[in-house]
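Structure below is start_30.tsv: TSV, C-alpha atoms.
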```tsv
chain	number	residue	atom	x	y	z
S	1	MET	CA	-184.13	72.61	251.13
S	2	GLY	CA	-186.02	69.33	251.48
S	3	GLN	CA	-183.50	67.62	253.78
S	4	THR	CA	-182.83	70.85	255.66
S	5	ALA	CA	-186.57	71.25	256.32
S	6	ALA	CA	-186.66	67.69	257.61
S	7	ASP	CA	-183.71	68.41	259.91
S	8	ILE	CA	-185.42	71.56	261.23
S	9	ALA	CA	-188.57	69.54	261.89
S	10	THR	CA	-186.51	66.88	263.69
S	11	ILE	CA	-184.99	69.46	266.05
S	12	GLY	CA	-188.45	70.94	266.59
S	13	ARG	CA	-189.74	67.59	267.85
S	14	ILE	CA	-186.98	67.22	270.46
S	15	SER	CA	-188.53	68.55	273.64
S	16	ALA	CA	-185.18	69.04	275.41
S	17	VAL	CA	-183.92	71.70	272.96
S	18	PRO	CA	-185.81	74.74	274.37
S	19	ALA	CA	-184.66	73.86	277.90
S	20	MET	CA	-181.11	73.44	276.62
S	21	LEU	CA	-181.11	76.94	275.10
S	22	GLN	CA	-182.59	78.39	278.29
S	23	VAL	CA	-179.78	76.85	280.36
S	24	ILE	CA	-177.22	78.39	278.00
S	25	ARG	CA	-178.97	81.76	278.35
S	26	GLU	CA	-178.89	81.59	282.14
S	27	MET	CA	-175.30	80.29	282.42
S	28	THR	CA	-173.76	82.82	280.04
S	29	GLY	CA	-176.00	85.85	280.14
S	30	LEU	CA	-175.97	85.83	276.33
S	31	ARG	CA	-179.37	86.89	275.10
S	32	PHE	CA	-179.46	85.06	271.79
S	33	ALA	CA	-178.97	81.31	271.47
S	34	ALA	CA	-179.75	78.91	268.63
S	35	VAL	CA	-179.30	75.46	267.18
S	36	ALA	CA	-178.20	75.81	263.56
S	37	ARG	CA	-178.18	73.34	260.68
S	38	VAL	CA	-175.01	74.05	258.76
S	39	THR	CA	-174.20	72.51	255.38
S	40	ASP	CA	-171.47	73.34	252.89
S	41	THR	CA	-173.79	75.92	251.30
S	42	SER	CA	-176.31	77.11	253.91
S	43	TRP	CA	-177.02	78.13	257.52
S	44	HIS	CA	-180.56	77.65	258.89
S	45	ALA	CA	-181.94	78.17	262.39
S	46	CYS	CA	-183.53	75.00	263.79
S	47	ALA	CA	-184.33	76.39	267.25
S	48	VAL	CA	-184.07	79.95	268.57
S	49	LEU	CA	-184.12	81.74	271.93
S	50	ASP	CA	-184.06	85.46	271.16
S	51	ASP	CA	-184.16	88.03	273.98
S	52	LEU	CA	-182.26	90.51	271.83
S	53	GLU	CA	-184.88	90.95	269.14
S	54	PHE	CA	-182.20	89.74	266.76
S	55	GLY	CA	-185.00	88.99	264.33
S	56	LEU	CA	-184.09	85.42	263.38
S	57	LYS	CA	-186.89	82.83	263.52
S	58	VAL	CA	-186.95	79.06	263.22
S	59	GLY	CA	-186.27	78.24	259.59
S	60	GLY	CA	-184.53	81.58	259.07
S	61	GLU	CA	-181.39	81.61	256.94
S	62	LEU	CA	-178.09	83.48	257.18
S	63	ASP	CA	-175.48	83.84	254.48
S	64	LEU	CA	-173.11	81.02	255.38
S	65	VAL	CA	-169.86	82.86	254.64
S	66	THR	CA	-170.86	85.68	256.98
S	67	THR	CA	-171.02	83.34	259.98
S	68	LEU	CA	-168.36	81.79	262.18
S	69	CYS	CA	-170.22	78.48	261.87
S	70	HIS	CA	-168.76	78.25	258.36
S	71	GLU	CA	-165.29	78.13	259.92
S	72	ILE	CA	-166.41	75.76	262.68
S	73	ARG	CA	-167.72	73.38	260.02
S	74	SER	CA	-164.29	73.36	258.38
S	75	ALA	CA	-162.15	73.17	261.53
S	76	HIS	CA	-164.48	71.02	263.72
S	77	VAL	CA	-163.54	73.04	266.82
S	78	SER	CA	-165.46	75.27	269.21
S	79	VAL	CA	-165.13	79.05	269.10
S	80	VAL	CA	-165.28	81.11	272.31
S	81	ILE	CA	-164.99	84.94	272.32
S	82	ASP	CA	-165.23	87.05	275.47
S	83	LYS	CA	-164.85	90.46	273.76
S	84	ALA	CA	-164.54	90.46	270.00
S	85	SER	CA	-163.21	94.03	269.73
S	86	GLU	CA	-160.18	93.08	271.83
S	87	ASP	CA	-159.73	89.49	270.71
S	88	PRO	CA	-156.40	89.05	268.89
S	89	HIS	CA	-157.92	86.77	266.26
S	90	TYR	CA	-161.40	88.26	265.80
S	91	HIS	CA	-161.01	92.01	266.40
S	92	ASN	CA	-160.82	92.61	262.63
S	93	HIS	CA	-163.13	89.74	261.65
S	94	HIS	CA	-166.15	90.63	259.50
S	95	THR	CA	-168.64	88.48	261.45
S	96	PRO	CA	-168.58	90.36	264.81
S	97	ARG	CA	-168.82	93.65	262.97
S	98	LEU	CA	-171.68	92.48	260.74
S	99	TYR	CA	-173.79	91.01	263.52
S	100	ARG	CA	-172.61	93.50	266.17
S	101	PHE	CA	-171.69	91.12	268.96
S	102	GLU	CA	-168.87	91.18	271.49
S	103	SER	CA	-169.35	87.84	273.26
S	104	TYR	CA	-169.89	84.65	271.31
S	105	ILE	CA	-169.68	80.89	271.75
S	106	SER	CA	-170.37	78.11	269.30
S	107	VAL	CA	-169.74	74.36	269.51
S	108	PRO	CA	-170.04	71.81	266.67
S	109	VAL	CA	-172.76	69.16	266.64
S	110	PHE	CA	-171.86	65.86	264.99
S	111	ARG	CA	-174.21	63.03	264.14
S	112	THR	CA	-173.48	59.67	265.74
S	113	ASP	CA	-171.84	58.53	262.49
S	114	GLY	CA	-169.33	61.39	262.76
S	115	SER	CA	-170.78	63.61	260.06
S	116	PHE	CA	-171.21	67.31	260.76
S	117	PHE	CA	-174.76	68.47	261.54
S	118	GLY	CA	-174.42	72.07	262.69
S	119	THR	CA	-173.77	74.13	265.80
S	120	ILE	CA	-175.16	75.26	269.11
S	121	CYS	CA	-174.29	78.95	269.35
S	122	ALA	CA	-174.98	82.03	271.47
S	123	LEU	CA	-174.03	85.72	271.25
S	124	ASP	CA	-174.59	89.13	272.82
S	125	PRO	CA	-173.57	92.75	272.11
S	126	SER	CA	-172.06	92.97	275.60
S	127	PRO	CA	-168.81	91.20	276.55
S	128	ALA	CA	-168.93	88.18	278.87
S	129	ALA	CA	-166.36	86.08	280.70
S	130	LEU	CA	-166.94	82.85	278.78
S	131	LYS	CA	-163.45	81.37	278.58
S	132	ALA	CA	-163.06	81.38	282.35
S	133	SER	CA	-166.32	79.48	282.89
S	134	ALA	CA	-167.46	75.90	282.37
S	135	ILE	CA	-169.87	76.88	279.61
S	136	GLN	CA	-167.79	75.43	276.76
S	137	SER	CA	-167.66	71.95	278.29
S	138	THR	CA	-171.36	72.19	279.16
S	139	MET	CA	-172.33	73.16	275.62
S	140	GLU	CA	-170.14	70.42	274.15
S	141	SER	CA	-171.99	67.97	276.41
S	142	PHE	CA	-175.25	69.42	275.11
S	143	ALA	CA	-173.98	68.85	271.56
S	144	ARG	CA	-173.31	65.17	272.27
S	145	LEU	CA	-176.72	64.81	273.89
S	146	LEU	CA	-178.38	66.53	270.94
S	147	SER	CA	-176.64	64.13	268.57
S	148	LEU	CA	-178.18	61.17	270.37
S	149	GLN	CA	-181.58	62.84	270.42
S	150	ILE	CA	-181.42	63.50	266.67
S	151	GLU	CA	-180.64	59.87	265.96
S	152	ALA	CA	-183.42	58.66	268.27
S	153	GLU	CA	-185.96	61.04	266.73
S	154	GLU	CA	-185.03	60.10	263.16
S	155	SER	CA	-185.21	56.42	264.04
S	156	GLN	CA	-188.67	56.92	265.55
S	157	GLN	CA	-189.83	58.82	262.49
S	158	GLN	CA	-188.60	56.05	260.20
S	159	THR	CA	-190.38	53.46	262.34
S	160	GLU	CA	-193.61	55.46	262.29
S	161	ALA	CA	-193.37	55.94	258.54
S	162	ALA	CA	-192.85	52.20	258.04
S	163	LEU	CA	-195.78	51.47	260.35
S	164	GLN	CA	-198.01	53.91	258.47
S	165	GLN	CA	-197.02	52.29	255.18
S	166	GLU	CA	-197.82	48.87	256.61
S	167	ARG	CA	-201.22	50.11	257.81
S	168	GLN	CA	-202.02	51.52	254.39
S	169	THR	CA	-200.96	48.26	252.75
S	170	ALA	CA	-203.12	46.29	255.18
S	171	GLU	CA	-206.12	48.52	254.52
S	172	LEU	CA	-205.71	48.15	250.75
S	173	ARG	CA	-205.39	44.39	251.16
S	174	GLU	CA	-208.55	44.19	253.25
S	175	GLN	CA	-210.45	46.42	250.82
S	176	PHE	CA	-209.29	44.22	247.95
S	177	ILE	CA	-210.50	41.14	249.82
S	178	ALA	CA	-213.88	42.75	250.44
S	179	VAL	CA	-214.33	43.79	246.81
S	180	LEU	CA	-213.19	40.40	245.56
S	181	GLY	CA	-215.60	38.60	247.88
S	182	HIS	CA	-218.48	40.82	246.80
S	183	ASP	CA	-217.74	40.29	243.09
S	184	LEU	CA	-217.53	36.50	243.50
S	185	ARG	CA	-221.00	36.27	244.99
S	186	ASN	CA	-222.97	36.52	241.75
S	187	PRO	CA	-221.07	33.94	239.65
S	188	LEU	CA	-221.05	31.48	242.56
S	189	PHE	CA	-224.79	31.94	243.01
S	190	ALA	CA	-225.30	31.23	239.31
S	191	ILE	CA	-223.16	28.07	239.51
S	192	ASN	CA	-225.04	26.74	242.54
S	193	VAL	CA	-228.47	27.49	241.10
S	194	GLY	CA	-227.50	25.86	237.81
S	195	ALA	CA	-226.20	22.73	239.55
S	196	GLU	CA	-229.34	22.47	241.70
S	197	ARG	CA	-231.52	22.84	238.60
S	198	LEU	CA	-229.65	20.12	236.75
S	199	LEU	CA	-230.07	17.72	239.65
S	200	ARG	CA	-233.75	18.51	240.09
S	201	LYS	CA	-234.98	19.02	236.52
S	202	HIS	CA	-232.56	16.94	234.46
S	203	PRO	CA	-231.35	13.98	236.54
S	204	ASN	CA	-228.84	11.74	234.84
S	205	PRO	CA	-227.14	8.87	236.69
S	206	ALA	CA	-224.04	9.27	234.58
S	207	THR	CA	-223.49	12.92	235.38
S	208	ASP	CA	-225.30	13.42	238.72
S	209	PRO	CA	-222.19	12.66	240.84
S	210	ILE	CA	-220.21	15.28	238.92
S	211	VAL	CA	-223.00	17.86	239.23
S	212	GLN	CA	-223.33	17.12	242.95
S	213	HIS	CA	-219.61	17.60	243.35
S	214	ILE	CA	-219.87	20.95	241.53
S	215	LEU	CA	-222.73	21.94	243.85
S	216	ASN	CA	-220.81	20.95	246.99
S	217	CYS	CA	-217.74	22.88	245.87
S	218	GLY	CA	-219.88	25.89	244.92
S	219	ARG	CA	-221.54	25.92	248.33
S	220	ARG	CA	-218.20	25.65	250.04
S	221	ALA	CA	-216.82	28.51	247.95
S	222	ALA	CA	-219.93	30.58	248.69
S	223	GLN	CA	-219.40	30.04	252.41
S	224	LEU	CA	-215.79	31.17	252.09
S	225	VAL	CA	-216.98	34.31	250.31
S	226	GLU	CA	-219.47	34.99	253.12
S	227	ASP	CA	-216.65	34.58	255.64
S	228	VAL	CA	-214.56	37.09	253.72
S	229	LEU	CA	-217.43	39.57	253.62
S	230	ASP	CA	-218.06	39.13	257.35
S	231	PHE	CA	-214.38	39.74	257.94
S	232	ALA	CA	-214.55	42.91	255.84
S	233	ARG	CA	-217.62	44.12	257.75
S	234	GLY	CA	-215.81	43.56	261.03
S	235	ARG	CA	-212.56	45.22	259.98
S	236	LEU	CA	-213.62	47.89	257.50
S	237	GLY	CA	-217.27	48.55	258.30
S	238	PRO	CA	-219.49	49.07	261.32
S	239	GLY	CA	-219.28	45.41	262.31
S	240	ILE	CA	-221.26	42.31	261.46
S	241	THR	CA	-224.87	43.21	260.74
S	242	LEU	CA	-227.63	41.60	262.82
S	243	ASN	CA	-231.35	41.02	262.50
S	244	ILE	CA	-232.42	40.89	266.13
S	245	ALA	CA	-235.76	39.25	266.84
S	246	SER	CA	-237.48	37.06	269.41
S	247	SER	CA	-236.30	33.58	268.39
S	248	GLN	CA	-238.99	31.01	269.10
S	249	ASP	CA	-237.19	28.18	267.32
S	250	LEU	CA	-233.59	28.78	268.45
S	251	GLU	CA	-233.43	25.31	270.03
S	252	GLN	CA	-234.38	23.60	266.76
S	253	THR	CA	-231.94	25.80	264.82
S	254	LEU	CA	-229.02	24.85	267.06
S	255	HIS	CA	-229.96	21.16	266.90
S	256	HIS	CA	-230.02	21.45	263.11
S	257	VAL	CA	-226.52	23.00	263.10
S	258	VAL	CA	-225.15	20.13	265.18
S	259	ALA	CA	-226.87	17.54	262.97
S	260	GLU	CA	-225.51	19.18	259.84
S	261	VAL	CA	-221.92	19.15	261.13
S	262	GLN	CA	-222.40	15.57	262.38
S	263	SER	CA	-223.48	14.45	258.92
S	264	VAL	CA	-220.25	15.81	257.46
S	265	HIS	CA	-218.14	14.18	260.21
S	266	PRO	CA	-219.98	10.95	261.11
S	267	GLU	CA	-216.82	9.50	262.69
S	268	ARG	CA	-216.69	12.18	265.40
S	269	PRO	CA	-219.24	11.91	268.25
S	270	ILE	CA	-220.99	15.17	269.13
S	271	GLN	CA	-222.93	15.31	272.39
S	272	CYS	CA	-225.60	18.01	272.48
S	273	VAL	CA	-227.58	19.31	275.46
S	274	ILE	CA	-229.84	22.27	274.70
S	275	GLY	CA	-232.22	23.72	277.29
S	276	ASP	CA	-235.31	25.90	276.98
S	277	LEU	CA	-234.36	28.89	274.81
S	278	GLN	CA	-237.82	30.28	274.07
S	279	GLY	CA	-238.07	33.98	273.26
S	280	ILE	CA	-234.37	34.90	273.38
S	281	HIS	CA	-233.78	38.14	271.46
S	282	CYS	CA	-230.91	37.54	269.04
S	283	ASP	CA	-230.09	37.05	265.39
S	284	ARG	CA	-230.92	33.36	265.14
S	285	ASP	CA	-228.99	32.78	261.92
S	286	ARG	CA	-225.89	34.54	263.24
S	287	VAL	CA	-225.97	32.53	266.49
S	288	ALA	CA	-226.28	29.40	264.34
S	289	GLN	CA	-223.26	30.55	262.34
S	290	LEU	CA	-221.33	31.14	265.56
S	291	LEU	CA	-222.14	27.61	266.78
S	292	SER	CA	-221.26	26.08	263.40
S	293	ASN	CA	-217.86	27.81	263.44
S	294	LEU	CA	-217.12	26.66	267.00
S	295	VAL	CA	-218.12	23.04	266.37
S	296	ALA	CA	-216.22	22.89	263.07
S	297	ASN	CA	-213.17	24.34	264.83
S	298	ALA	CA	-213.46	21.79	267.65
S	299	ILE	CA	-213.63	18.89	265.19
S	300	THR	CA	-210.83	20.19	262.97
S	301	HIS	CA	-208.36	21.20	265.67
S	302	GLY	CA	-209.44	19.28	268.77
S	303	ALA	CA	-208.04	15.94	269.87
S	304	PRO	CA	-209.75	13.17	267.85
S	305	GLU	CA	-210.13	10.62	270.66
S	306	GLY	CA	-213.04	12.21	272.57
S	307	PRO	CA	-216.46	13.72	271.87
S	308	VAL	CA	-217.28	17.32	271.14
S	309	GLN	CA	-219.78	18.62	273.69
S	310	VAL	CA	-222.33	21.33	272.93
S	311	ARG	CA	-224.38	22.99	275.68
S	312	ALA	CA	-226.90	25.81	275.41
S	313	GLU	CA	-228.97	27.19	278.29
S	314	VAL	CA	-230.13	30.29	280.12
S	315	ARG	CA	-228.37	30.62	283.45
S	316	GLU	CA	-229.03	33.49	285.88
S	317	GLY	CA	-230.25	35.81	283.14
S	318	VAL	CA	-227.45	34.98	280.71
S	319	PHE	CA	-227.71	32.92	277.53
S	320	MET	CA	-224.75	30.55	277.49
S	321	LEU	CA	-223.63	28.62	274.42
S	322	ALA	CA	-220.57	26.44	275.00
S	323	VAL	CA	-218.53	24.05	272.86
S	324	GLN	CA	-215.93	21.82	274.51
S	325	ASN	CA	-213.51	19.35	273.02
S	326	PRO	CA	-210.58	17.26	274.28
S	327	GLY	CA	-207.09	18.56	273.81
S	328	GLN	CA	-205.21	21.59	275.03
S	329	ILE	CA	-204.29	24.67	273.04
S	330	PRO	CA	-200.69	25.82	273.67
S	331	PRO	CA	-200.79	28.85	276.02
S	332	ALA	CA	-198.67	30.94	273.63
S	333	ILE	CA	-201.39	30.68	270.97
S	334	LEU	CA	-204.39	31.55	273.18
S	335	PRO	CA	-204.16	35.37	272.89
S	336	TYR	CA	-204.25	35.18	269.08
S	337	LEU	CA	-207.06	32.68	268.39
S	338	PHE	CA	-209.74	35.31	267.82
S	339	GLN	CA	-207.60	37.25	265.37
S	340	PRO	CA	-208.24	36.85	261.64
S	341	TYR	CA	-206.31	34.20	259.71
S	342	SER	CA	-205.19	32.56	262.96
S	343	ARG	CA	-205.00	28.80	263.21
S	344	PRO	CA	-202.89	26.32	265.21
S	345	ALA	CA	-199.52	25.55	263.68
S	346	SER	CA	-199.63	22.29	261.73
S	347	ASP	CA	-197.73	20.51	259.01
S	348	THR	CA	-201.02	19.34	257.52
S	349	PRO	CA	-202.70	21.56	254.91
S	350	GLN	CA	-206.00	22.89	256.28
S	351	ALA	CA	-209.11	24.08	254.49
S	352	GLY	CA	-210.64	27.46	255.20
S	353	LEU	CA	-209.24	30.92	255.70
S	354	GLY	CA	-208.70	30.86	259.45
S	355	LEU	CA	-211.60	33.29	259.95
S	356	GLY	CA	-214.04	31.04	261.85
S	357	LEU	CA	-213.13	32.06	265.41
S	358	TYR	CA	-212.67	35.70	264.41
S	359	ILE	CA	-216.19	35.78	262.93
S	360	ALA	CA	-217.63	33.99	265.98
S	361	ASP	CA	-216.06	36.63	268.20
S	362	GLN	CA	-217.43	39.43	265.99
S	363	ILE	CA	-220.93	37.93	266.14
S	364	ALA	CA	-220.69	37.79	269.92
S	365	ARG	CA	-219.53	41.41	270.12
S	366	SER	CA	-222.24	42.61	267.74
S	367	HIS	CA	-224.85	41.06	270.04
S	368	GLY	CA	-223.36	42.82	273.05
S	369	GLY	CA	-222.04	39.52	274.36
S	370	ARG	CA	-218.57	38.04	274.60
S	371	MET	CA	-216.52	34.98	273.76
S	372	ASP	CA	-214.44	33.31	276.46
S	373	LEU	CA	-211.82	30.64	276.07
S	374	ALA	CA	-210.31	28.23	278.58
S	375	SER	CA	-207.90	25.42	277.76
S	376	SER	CA	-206.06	22.92	279.95
S	377	ALA	CA	-204.70	19.40	279.72
S	378	GLU	CA	-207.20	18.25	282.37
S	379	HIS	CA	-210.43	19.73	281.01
S	380	GLY	CA	-209.67	20.22	277.33
S	381	THR	CA	-210.68	23.37	275.44
S	382	LEU	CA	-213.90	25.29	276.14
S	383	PHE	CA	-215.32	28.14	274.03
S	384	THR	CA	-218.26	29.98	275.64
S	385	PHE	CA	-220.56	32.60	274.13
S	386	SER	CA	-222.27	34.62	276.88
S	387	LEU	CA	-225.17	37.01	276.16
S	388	PRO	CA	-226.83	38.91	279.03
S	389	LEU	CA	-230.60	38.95	278.45
S	390	ALA	CA	-233.00	41.83	278.87
S	391	PRO	CA	-235.23	41.58	281.97
S	392	GLU	CA	-238.37	40.73	279.95
S	393	THR	CA	-236.49	37.92	278.19
S	394	ARG	CA	-235.31	36.50	281.50
S	395	ALA	CA	-238.91	36.41	282.76
```

What would you get if you wrote out this structure as structure tokens?
Amino acid sequence: MGQTAADIATIGRISAVPAMLQVIREMTGLRFAAVARVTDTSWHACAVLDDLEFGLKVGGELDLVTTLCHEIRSAHVSVVIDKASEDPHYHNHHTPRLYRFESYISVPVFRTDGSFFGTICALDPSPAALKASAIQSTMESFARLLSLQIEAEESQQQTEAALQQERQTAELREQFIAVLGHDLRNPLFAINVGAERLLRKHPNPATDPIVQHILNCGRRAAQLVEDVLDFARGRLGPGITLNIASSQDLEQTLHHVVAEVQSVHPERPIQCVIGDLQGIHCDRDRVAQLLSNLVANAITHGAPEGPVQVRAEVREGVFMLAVQNPGQIPPAILPYLFQPYSRPASDTPQAGLGLGLYIADQIARSHGGRMDLASSAEHGTLFTFSLPLAPETRA
């Protein structure tokens, strides 16, 4: 019954079937019409139009051997009867007597692969001139159309099932990443604290370089874990959490971010122009994280021959934070840069998880702001964080 139930459900999702049965009803005058799923052992109604009070509902079953559909399944031909009691072949047949009909028509429905699916049939206790009409050819056309609709509907269902499976897999993967990141926090914190303590309390020229290397790697790993957790908050939770406050030292914080990145990349010039940012309501640490991600991205992926430019200012009631670097991003990549795990195609192995721009975009959205991106061969690549300010902040 499992596959039969699926076939009944498939027919039920095809919106053209009720209209098809209504057309048959109006063309023939026959007051009962149905689409039947017929196998070698069963007959089930997939769709029903019943003005006779025949009593058969969708999903209802008839004894297969009592139906003419059993013979149609074997012979693969249509059956048309104007008046069963006078028909030379069917006047003594058990089916018309059992179901008390005079007029009857049934055409086979084949799947697109040629296998037999069932029938479209109609009947009535009163005789009708069916053989002299075009109803047989019309119903056979309906059967071919239904075959195509069945295949299309089953294909769509398979696609939706595969998509749902992919979504579930993606959700499990993201939940795993979140749990893994959370569980890594404590041991990494212990490693970093231990390395800092060794350097501070037990200095040793022979081992200090190794301990410092451990500390640097631990900090880098801790930052990767924080990126993973921010990703999980953005994808699985309510979004990146913020601690909004009036930031009196935002200028110094942004200068510190630039200096920190510059110390790691002394060979790359970074030009920084930061205006008066007193009293801007934001999460200072998150804005610093956004800037750090943008500058690191510019240095890693931008053209190496020119400077990275950082600008921060309030312009017409909007806080603007912009990072520009030489080099153009291919237009085909632009729509995907703020998606997680995205990074420009390269043959060179790259550090990081490809979450920097995604997290920057999530920080902007959590603030009620936005990230914009423009890239051209003439002007290079410009990332801009825009945050409209409340009236009291503008003043």

Please report as a Markdown table every residue of range 302-390 of chain S lying within 12 Å of range 258-262 of chain S, along with the nearest atom pair and their distance in Å (one decimal), using only C-alpha atoms.
```
| residue | atom | partner | partner_atom | distance |
| --- | --- | --- | --- | --- |
| S:Pro307 | CA | S:Gln262 | CA | 11.3 |
| S:Val308 | CA | S:Val258 | CA | 10.3 |
| S:Gln309 | CA | S:Val258 | CA | 10.2 |
| S:Val310 | CA | S:Val258 | CA | 8.3 |
| S:Arg311 | CA | S:Val258 | CA | 10.9 |
| S:Ala312 | CA | S:Val258 | CA | 11.8 |
| S:Val323 | CA | S:Val258 | CA | 10.9 |
```

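Here CA of Ala122 in chain S stands at a distance of 25.1 Å from CA of Ala152 in chain S.
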
**Study point:** Spatial neighbours of Ile299 in chain S, 10 Å, all atoms listed in the file, chain gap at least 4 places, as a ChimeraX atom specification
**Key:** /S:261-262,265,268-270,294-295,303-304,306-308,325-326

Check your understanding: Got a sec: who's within 9 Å of Arg100 in chain S, counting only C-alpha atoms, leaving out chain neighbours fewer than 4 positions off, as a ChimeraX atom specification?
Key -> /S:95-96,124-125

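With CA of Ala374 in chain S on one side and CA of Leu337 in chain S on the other, the separation reads 11.6 Å.
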
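Between CA of Leu387 in chain S and CA of Gln289 in chain S there is a distance of 15.4 Å.
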
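Candidate residues S:Arg13, S:Arg197, S:His76, S:Arg370 were compared for distance to Phe383 in chain S, and the nearest is S:Arg370, using all atoms listed in the file.
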
Show me the residues around (-168.5, 64.5, 266.7) - criterion: an atom at most 12 Å away, only C-alpha atoms counted - as a PDB file with C-alpha atoms, in the coordinates of the input.
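Below you can see selection18.pdb, which holds the result:
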```pdb
ATOM      1  CA  ARG S  73    -167.720  73.380 260.020  1.00  0.00           C
ATOM      2  CA  ALA S  75    -162.150  73.170 261.530  1.00  0.00           C
ATOM      3  CA  HIS S  76    -164.480  71.020 263.720  1.00  0.00           C
ATOM      4  CA  VAL S  77    -163.540  73.040 266.820  1.00  0.00           C
ATOM      5  CA  SER S  78    -165.460  75.270 269.210  1.00  0.00           C
ATOM      6  CA  VAL S 107    -169.740  74.360 269.510  1.00  0.00           C
ATOM      7  CA  PRO S 108    -170.040  71.810 266.670  1.00  0.00           C
ATOM      8  CA  VAL S 109    -172.760  69.160 266.640  1.00  0.00           C
ATOM      9  CA  PHE S 110    -171.860  65.860 264.990  1.00  0.00           C
ATOM     10  CA  ARG S 111    -174.210  63.030 264.140  1.00  0.00           C
ATOM     11  CA  THR S 112    -173.480  59.670 265.740  1.00  0.00           C
ATOM     12  CA  ASP S 113    -171.840  58.530 262.490  1.00  0.00           C
ATOM     13  CA  GLY S 114    -169.330  61.390 262.760  1.00  0.00           C
ATOM     14  CA  SER S 115    -170.780  63.610 260.060  1.00  0.00           C
ATOM     15  CA  PHE S 116    -171.210  67.310 260.760  1.00  0.00           C
ATOM     16  CA  PHE S 117    -174.760  68.470 261.540  1.00  0.00           C
ATOM     17  CA  GLY S 118    -174.420  72.070 262.690  1.00  0.00           C
ATOM     18  CA  THR S 119    -173.770  74.130 265.800  1.00  0.00           C
ATOM     19  CA  GLU S 140    -170.140  70.420 274.150  1.00  0.00           C
ATOM     20  CA  SER S 141    -171.990  67.970 276.410  1.00  0.00           C
ATOM     21  CA  PHE S 142    -175.250  69.420 275.110  1.00  0.00           C
ATOM     22  CA  ALA S 143    -173.980  68.850 271.560  1.00  0.00           C
ATOM     23  CA  ARG S 144    -173.310  65.170 272.270  1.00  0.00           C
ATOM     24  CA  LEU S 145    -176.720  64.810 273.890  1.00  0.00           C
ATOM     25  CA  LEU S 146    -178.380  66.530 270.940  1.00  0.00           C
ATOM     26  CA  SER S 147    -176.640  64.130 268.570  1.00  0.00           C
ATOM     27  CA  LEU S 148    -178.180  61.170 270.370  1.00  0.00           C
TER      28      LEU S 148
END
```

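When only C-alpha atoms are used to compute distances to Glu378 in chain S, the closest of the residues S:Ile363, S:Pro203, S:Ile329, S:Leu52 turns out to be S:Ile329.
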
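The smallest atom-to-atom distance between Asp87 in chain S and any of S:Lys57, S:His213, S:His255, S:Lys131, using all atoms listed in the file, is found for S:Lys131.
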
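For Ala377 in chain S, the non-local neighbours within 10 Å, defined as residues at least 3 positions apart in the same chain or in other chains and counting all atoms listed in the file, are Pro326, Gly327, Gln328, Ile329, Pro330, Gly380 and Thr381 of chain S.
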
Check your understanding: Hey, what's within 9 Å of Leu290 in chain S if we count all atoms listed in the file and toss same-chain stuff fewer than 6 positions away? As a list in words, please?
Key -> Gly356, Leu357, Ile359, Ala360, Asp361, Ile363, Ala364 and Phe385 of chain S

Check your understanding: Contacts of Ser85 in chain S at 12 Å or less, counting only C-alpha atoms, minus same-chain residues fewer than 6 places along, as a PyMOL selection string?
Key -> chain S and resi 91-97+100-104+125-127

Practice item. Determine the nearest neighbour of Val35 in chain S from the options S:Leu62, S:Ile72, S:Ala128, S:Ala47, counting only C-alpha atoms. Key: S:Ala47

Point to revise | Top pick for closest residue to Leu334 in chain S, considering S:Asp249, S:Glu26, S:Asp372, S:Glu316 and counting all atoms listed in the file | key: S:Asp372

Your completed range 116-121 of chain S with N, CA, C and O atoms, as a PDB file, keeping the file's coordinate frame:
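Now in part06.pdb:
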```pdb
ATOM      1  N   PHE S 116    -170.923  66.019 260.154  1.00  0.00           N
ATOM      2  CA  PHE S 116    -171.210  67.310 260.760  1.00  0.00           C
ATOM      3  C   PHE S 116    -172.677  67.680 260.551  1.00  0.00           C
ATOM      4  O   PHE S 116    -173.188  67.615 259.432  1.00  0.00           O
ATOM      5  N   PHE S 117    -173.364  68.071 261.625  1.00  0.00           N
ATOM      6  CA  PHE S 117    -174.760  68.470 261.540  1.00  0.00           C
ATOM      7  C   PHE S 117    -174.902  69.990 261.563  1.00  0.00           C
ATOM      8  O   PHE S 117    -175.596  70.575 260.736  1.00  0.00           O
ATOM      9  N   GLY S 118    -174.266  70.621 262.552  1.00  0.00           N
ATOM     10  CA  GLY S 118    -174.420  72.070 262.690  1.00  0.00           C
ATOM     11  C   GLY S 118    -173.771  72.539 263.977  1.00  0.00           C
ATOM     12  O   GLY S 118    -172.756  71.989 264.411  1.00  0.00           O
ATOM     13  N   THR S 119    -174.365  73.555 264.592  1.00  0.00           N
ATOM     14  CA  THR S 119    -173.770  74.130 265.800  1.00  0.00           C
ATOM     15  C   THR S 119    -174.846  74.485 266.816  1.00  0.00           C
ATOM     16  O   THR S 119    -176.024  74.658 266.482  1.00  0.00           O
ATOM     17  N   ILE S 120    -174.397  74.569 268.069  1.00  0.00           N
ATOM     18  CA  ILE S 120    -175.160  75.260 269.110  1.00  0.00           C
ATOM     19  C   ILE S 120    -174.387  76.539 269.394  1.00  0.00           C
ATOM     20  O   ILE S 120    -173.195  76.489 269.728  1.00  0.00           O
ATOM     21  N   CYS S 121    -175.017  77.692 269.239  1.00  0.00           N
ATOM     22  CA  CYS S 121    -174.290  78.950 269.350  1.00  0.00           C
ATOM     23  C   CYS S 121    -175.076  79.960 270.174  1.00  0.00           C
ATOM     24  O   CYS S 121    -176.295  79.837 270.339  1.00  0.00           O
TER      25      CYS S 121
END
```
